[in-house]
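Undergrad: Take a look at the following structure, please.
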There are 2 protein chains.
Amino acid sequence: MTVELICVGTELLLGNIVNTNAAFLAEKCAQLGLSMYYQSVVGDNPGRLEGLLREAVGRSDVVLLSGGLGPTEDDLTKETAAKVMGKPLVEDARARAEIERTLAKLGRDITENNWKQALVPEGCKVLYNPNGTAPGILMEEEGTCVILLPGPPNELIPMFEDQVAPYLEKKQPQAIRSKMVKLCGIGESAAETRILDLIDAQKNPTIAPYAKTGEVHLRITARAEEESRAYEMIRPVEEELRRRFGDLAYTDDPNVTLEQAVVEMLKAHGLTVATAESCTGGLLAGRLVNVPGVSDCFKEGYVTYSNQAKEKLLGVSAESLKEHGAVSPQVAEEMAVGGAKAAGADACVAVTGIAGPDGGTAEKPVGLVYLSCFCKGKVLTVKKQYTGNRGKVREYAVASALTLLRKAILEYGRRTDVEW
Amino acid sequence: MTVELICVGTELLLGNIVNTNAAFLAEKCAQLGLSMYYQSVVGDNPGRLEGLLREAVGRSDVVLLSGGLGPTEDDLTKETAAKVMGKPLVEDARARAEIERTLAKLGRDITENNWKQALVPEGCKVLYNPNGTAPGILMEEEGTCVILLPGPPNELIPMFEDQVAPYLEKKQPQAIRSKMVKLCGIGESAAETRILDLIDAQKNPTIAPYAKTGEVHLRITARAEEESRAYEMIRPVEEELRRRFGDLAYTDDPNVTLEQAVVEMLKAHGLTVATAESCTGGLLAGRLVNVPGVSDCFKEGYVTYSNQAKEKLLGVSAESLKEHGAVSPQVAEEMAVGGAKAAGADACVAVTGIAGPDGGTAEKPVGLVYLSCFCKGKVLTVKKQYTGNRGKVREYAVASALTLLRKAILEYGRRTDVEW
């Protein structure tokens, strides 16, 4: 079953707001196993909206529209959709009563144009809106389903989840399920090259690679009569991907982030961690703190952007700073060892680099970053050379730091000189 | 002149990522005075992309495409656009050399599919990409201009700004210029209410508000025959906005961020700063370190997510933690005062709050955050209640912390008990 999205709003065409509704609805539809081939944005212009909606109704089983259900004269989504579906607008008594109640609750005067929101296409299913005055609309006619949702996310999200998703799920003849194998420490091209034969041979399940900063996500999707059969079809593909990527695969749960996987590993091994950051300036600690409950294993984070702070908080030696410079494997290692000691943590991951735009030299160009991870007496240190602006270099360095920490924990788990 | 946007990427149709490119390009096009009537998203499917592109070329003067320029087999935007424009693909020597250089610098192996990125439609203008391996493409044929941009924002944004915007600007008969008054510490509704009369009366120049996390940006745009005349028309509007918003306006330079403005103020006053973060976990320090050269004024950052770390690194008293809890004005203030002392800094901004999803109570719900800023002997402490998920609460808290630090510096500048 195919679904398509039309978001109505001049503010989207002007770039005033980011279209988070589209991302939300797309993800939900994918989860429901609906195939989305098109998303469109159009302004509050009835002519262009009508053209787009007719096209959408002609090519997709379900058309989701968001926005343009307000009380003002330029809100014309409902009028246009009713026209396309050949339905007159009639007043819905319950919608009228709810609008009255909502506005009274908000202490707002009712103006004549508010009653426009109580009009609905004849014979439609009204999606009552406990979070605003615009009811949603669901119209179904000869196999085409047109669904109108209000634009504000705090109204759209609960309406979709409570009223639309259950409806769409019932319409699905096939179960479409997917799993996500997430990799870190490998680039998109290299990852794809390693599984080119699988991608070339794919039909059902399919494998789709997604490049993220410092990560590659491989989504495996299968369609089958039954949910259990879809997962059965996914299993051998997933096992093959895990076999080919080994330790590079950190999860098969689409909701688990790299920092979550790392925090889970720390907890599983009973390890505590600290961070010592120069160029990333707190972003690495910030990612670890993305994980609720990280306080069990995250001891302290040090942002030591200046040499002085590196000496004072981490005990980096003035000699190393002078002899090798702040961006050097020696200083990265001293930061990691010193950070673990200062925090009383089992492990510490340290980052020092030249994020740019200034500070680069021929020998140490912008984008050069050293990462070091101390873990229970052993140290891993790596050198990276990133491209991109200051923000990107720092973002990549954070991803590499998490990957290095993960590697150190994996090695720790295999060590025979420690007990855990 | 009309422009239309086609974003290519299955990850957008699956809702894996939010389409920030569309918002960025829409805003930039509006700024350039281009009228955008349609935005579309389509997957990496050559048939559907071709249909959409033919439609777009038929109705818009400029068609901007983003995404699908990667090295993998399912990246087909360039191939499809070349077909629609009737051009064969030929290898571009400079693109090939740059790909080789970029991959070598990254220390990544070159795989056969990388060379696909060096192919360009015959006779096009190649937009070389200093931030990645995919060059952009600009094709112009009989009044239709088709522009291909890489999908990753860190590649798309500089390519658009450096190479595409100047090109589009030249095509415009009128000079369209804008300035941006950026506000912090006021919400979108409140800001709009304060200038409703100006917005209602506007024709040329226009005022458009953009809501950002913890900020509102007001863009003033004027159209005139001459650039100088456009700026003349903007001046009185800008002055009126500055008069109405006073201290809330932190810059009129669209490229200056809040953290940059704050760092400039610190430097102007010769003040040094430290950060003490609980729920934001390093993100505040991370934003300060966004500013190149921040080491002149940024002493140290402490990530003290646990109570133990708050006591040890910041000297927060065990009594305060026990009596008032970690999320309290008392602890926020002790963090700020203690952080400044520990770092030997003139100022310290501290954040402690409940980012969720767990940890909330009736008395201290999720989203409650206390912020405190010490500056040269005086302390400002504020209470905030945010809505949204963990990420959103933390993002808002960082913006509020920068706003509070800015306020403390403004007050410092007006104090008579200190010399600077």
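Residue names in the structure tokens use chain letters A, B, ... in the order shown, residue numbers from 1 in each chain, and ligand numbers from 1 in the order shown.
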Relative to chain A, what is the Cα RMSD of chain B after a least-squares superposition using every Cα atom paired in order?
TA: 4.2 Å
Undergrad: Residues of chain B near chain A: apply a cut-off of 7 Å, count only C-alpha atoms, and supply the list as a short mmCIF file (atom, residue, chain, number, x, y, z; two decimals) with N, CA and C atoms, in the first residue's frame.
TA:
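The resulting iface11.cif:
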data_model
loop_
_atom_site.label_atom_id
_atom_site.label_comp_id
_atom_site.auth_asym_id
_atom_site.auth_seq_id
_atom_site.Cartn_x
_atom_site.Cartn_y
_atom_site.Cartn_z
N LEU B 12 14.74 10.31 3.65
CA LEU B 12 13.72 11.34 3.94
C LEU B 12 12.32 10.72 3.87
N LEU B 13 12.13 9.83 2.89
CA LEU B 13 10.82 9.19 2.74
C LEU B 13 10.55 8.21 3.88
N LEU B 14 11.62 7.71 4.47
CA LEU B 14 11.47 6.78 5.59
C LEU B 14 11.47 7.53 6.92
N GLY B 15 11.69 8.84 6.86
CA GLY B 15 11.68 9.63 8.10
C GLY B 15 12.91 9.41 8.95
N ASN B 16 13.98 8.86 8.36
CA ASN B 16 15.22 8.65 9.14
C ASN B 16 15.85 9.98 9.54
N ILE B 17 15.70 10.96 8.68
CA ILE B 17 16.28 12.28 8.97
C ILE B 17 15.26 13.37 8.67
N VAL B 18 15.43 14.51 9.33
CA VAL B 18 14.58 15.67 9.10
C VAL B 18 15.19 16.48 7.96
N ASN B 19 14.35 17.00 7.10
CA ASN B 19 14.82 17.69 5.90
C ASN B 19 15.24 19.13 6.22
N THR B 20 16.40 19.27 6.85
CA THR B 20 16.89 20.61 7.17
C THR B 20 17.41 21.31 5.91
N ALA B 23 14.66 23.50 4.47
CA ALA B 23 14.47 24.76 5.20
C ALA B 23 15.59 25.73 4.89
N PHE B 24 16.82 25.21 4.85
CA PHE B 24 17.97 26.08 4.54
C PHE B 24 17.83 26.68 3.15
N ALA B 26 15.19 26.94 1.22
CA ALA B 26 14.00 27.78 1.09
C ALA B 26 14.28 29.17 1.66
N GLU B 27 14.94 29.20 2.81
CA GLU B 27 15.23 30.49 3.43
C GLU B 27 16.19 31.30 2.54
N ALA B 30 14.35 32.61 -0.53
CA ALA B 30 13.49 33.74 -0.16
C ALA B 30 14.33 35.01 -0.03
N MET B 36 9.27 30.48 -4.28
CA MET B 36 9.21 29.03 -4.26
C MET B 36 7.77 28.59 -4.07
N TYR B 37 7.24 27.79 -5.00
CA TYR B 37 5.86 27.32 -4.90
C TYR B 37 5.77 25.83 -4.55
N TYR B 38 6.82 25.11 -4.85
CA TYR B 38 6.79 23.66 -4.60
C TYR B 38 8.10 23.19 -3.99
N GLN B 39 7.99 22.24 -3.07
CA GLN B 39 9.13 21.44 -2.62
C GLN B 39 8.69 19.99 -2.75
N SER B 40 9.59 19.12 -3.19
CA SER B 40 9.24 17.70 -3.24
C SER B 40 10.36 16.87 -2.68
N VAL B 41 9.97 15.70 -2.20
CA VAL B 41 10.95 14.70 -1.78
C VAL B 41 10.63 13.44 -2.55
N VAL B 42 11.66 12.82 -3.08
CA VAL B 42 11.48 11.58 -3.82
C VAL B 42 12.64 10.67 -3.47
N GLY B 43 12.45 9.37 -3.61
CA GLY B 43 13.51 8.43 -3.23
C GLY B 43 14.55 8.27 -4.33
N PRO B 71 28.64 7.90 -4.07
CA PRO B 71 29.34 6.97 -4.95
C PRO B 71 28.59 5.64 -5.13
N THR B 72 27.51 5.44 -4.40
CA THR B 72 26.91 4.10 -4.44
C THR B 72 25.96 3.95 -5.61
N LYS B 105 43.64 12.08 1.75
CA LYS B 105 43.75 12.86 2.98
C LYS B 105 43.00 12.18 4.12
N LEU B 106 41.87 11.57 3.78
CA LEU B 106 41.08 10.87 4.79
C LEU B 106 41.67 9.51 5.12
N ASN B 131 34.46 20.02 0.67
CA ASN B 131 34.08 19.33 1.91
C ASN B 131 33.63 17.89 1.73
N ASN B 154 26.80 19.77 5.54
CA ASN B 154 28.10 20.43 5.62
C ASN B 154 28.76 20.59 4.25
N TYR B 210 11.64 34.33 12.29
CA TYR B 210 12.04 32.93 12.26
C TYR B 210 12.28 32.47 13.69
N THR B 280 22.91 19.41 30.82
CA THR B 280 23.37 19.71 29.46
C THR B 280 24.67 18.95 29.13
N GLY B 281 25.36 18.49 30.16
CA GLY B 281 26.43 17.52 30.01
C GLY B 281 27.54 17.88 29.03
N GLY B 282 27.88 19.15 28.88
CA GLY B 282 28.99 19.51 28.00
C GLY B 282 28.55 20.29 26.77
N LEU B 283 27.24 20.30 26.51
CA LEU B 283 26.76 20.95 25.28
C LEU B 283 26.93 22.47 25.33
N ALA B 285 29.45 24.11 27.00
CA ALA B 285 30.87 24.30 26.67
C ALA B 285 31.09 24.07 25.18
N GLY B 286 30.43 23.03 24.66
CA GLY B 286 30.54 22.71 23.24
C GLY B 286 30.13 23.88 22.35
N VAL B 289 32.81 26.55 22.45
CA VAL B 289 33.97 26.12 21.67
C VAL B 289 33.66 26.10 20.17
N ASN B 290 32.39 26.31 19.79
CA ASN B 290 32.08 26.55 18.37
C ASN B 290 32.84 27.77 17.85
N SER B 295 39.70 30.20 23.22
CA SER B 295 40.65 29.88 24.30
C SER B 295 41.11 31.13 25.05
N LYS B 299 38.13 29.38 30.20
CA LYS B 299 39.14 28.75 31.06
C LYS B 299 38.97 27.23 31.10
N GLU B 300 37.86 26.78 31.67
CA GLU B 300 37.66 25.35 31.85
C GLU B 300 36.17 25.03 31.83
N GLY B 301 35.85 23.82 31.45
CA GLY B 301 34.47 23.38 31.51
C GLY B 301 34.37 22.12 32.36
N TYR B 302 33.38 22.09 33.23
CA TYR B 302 33.17 20.92 34.09
C TYR B 302 31.85 20.26 33.74
N VAL B 303 31.91 18.98 33.46
CA VAL B 303 30.68 18.22 33.28
C VAL B 303 30.47 17.41 34.55
N THR B 304 29.52 17.85 35.34
CA THR B 304 29.30 17.25 36.66
C THR B 304 27.88 16.72 36.70
N TYR B 305 27.72 15.55 36.08
CA TYR B 305 26.37 14.98 35.97
C TYR B 305 25.96 14.34 37.30
N SER B 306 26.92 13.78 38.01
CA SER B 306 26.60 13.13 39.29
C SER B 306 26.75 14.12 40.44
N ALA B 309 30.36 14.40 41.56
CA ALA B 309 31.20 15.30 40.75
C ALA B 309 30.92 16.76 41.10
#
Undergrad: Would you return as a PyMOL selection string the members of segment 79-198 of chain B that DSSP assigns to helix (DSSP H, G or I) on this structure's backbone?
TA: chain B and resi 79-84+93-106+112-118+153-171+188-194+196-198
Undergrad: Between A:Glu239, A:Pro329, A:Asp346, A:Ile157, which has the minimum distance to Lys267 of chain A (counting only C-alpha atoms)?
TA: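 Ranking A:Glu239, A:Pro329, A:Asp346, A:Ile157 by distance to Lys267 of chain A, first place goes to A:Asp346.
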Undergrad: Report as JSON, numbers by chain all protein, DNA and RNA residues lying within 9 Å of Arg177 of chain A, evaluated on only C-alpha atoms, omitting residues in the same chain fewer than 5 positions from it.
TA: {"A": [30, 31, 32, 33, 220, 221, 222, 223, 224, 227, 230, 231, 234]}
Undergrad: Which one of B:Asp417, B:Ala95, B:Val84, B:Lys322 sits closest to Lys125 of chain B if you count only C-alpha atoms?
TA: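 Of the candidates, the smallest distance to Lys125 of chain B is held by B:Ala95.
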Undergrad: Taking 5 positions as the minimum chain separation for residues in the same chain, which residues sit within 12 Å of Thr251 of chain B when counting only C-alpha atoms? Answer as an NGL selection string.
TA: :B and (179-184 or 215-219 or 238 or 241-242 or 245-246 or 256-262 or 264-265)
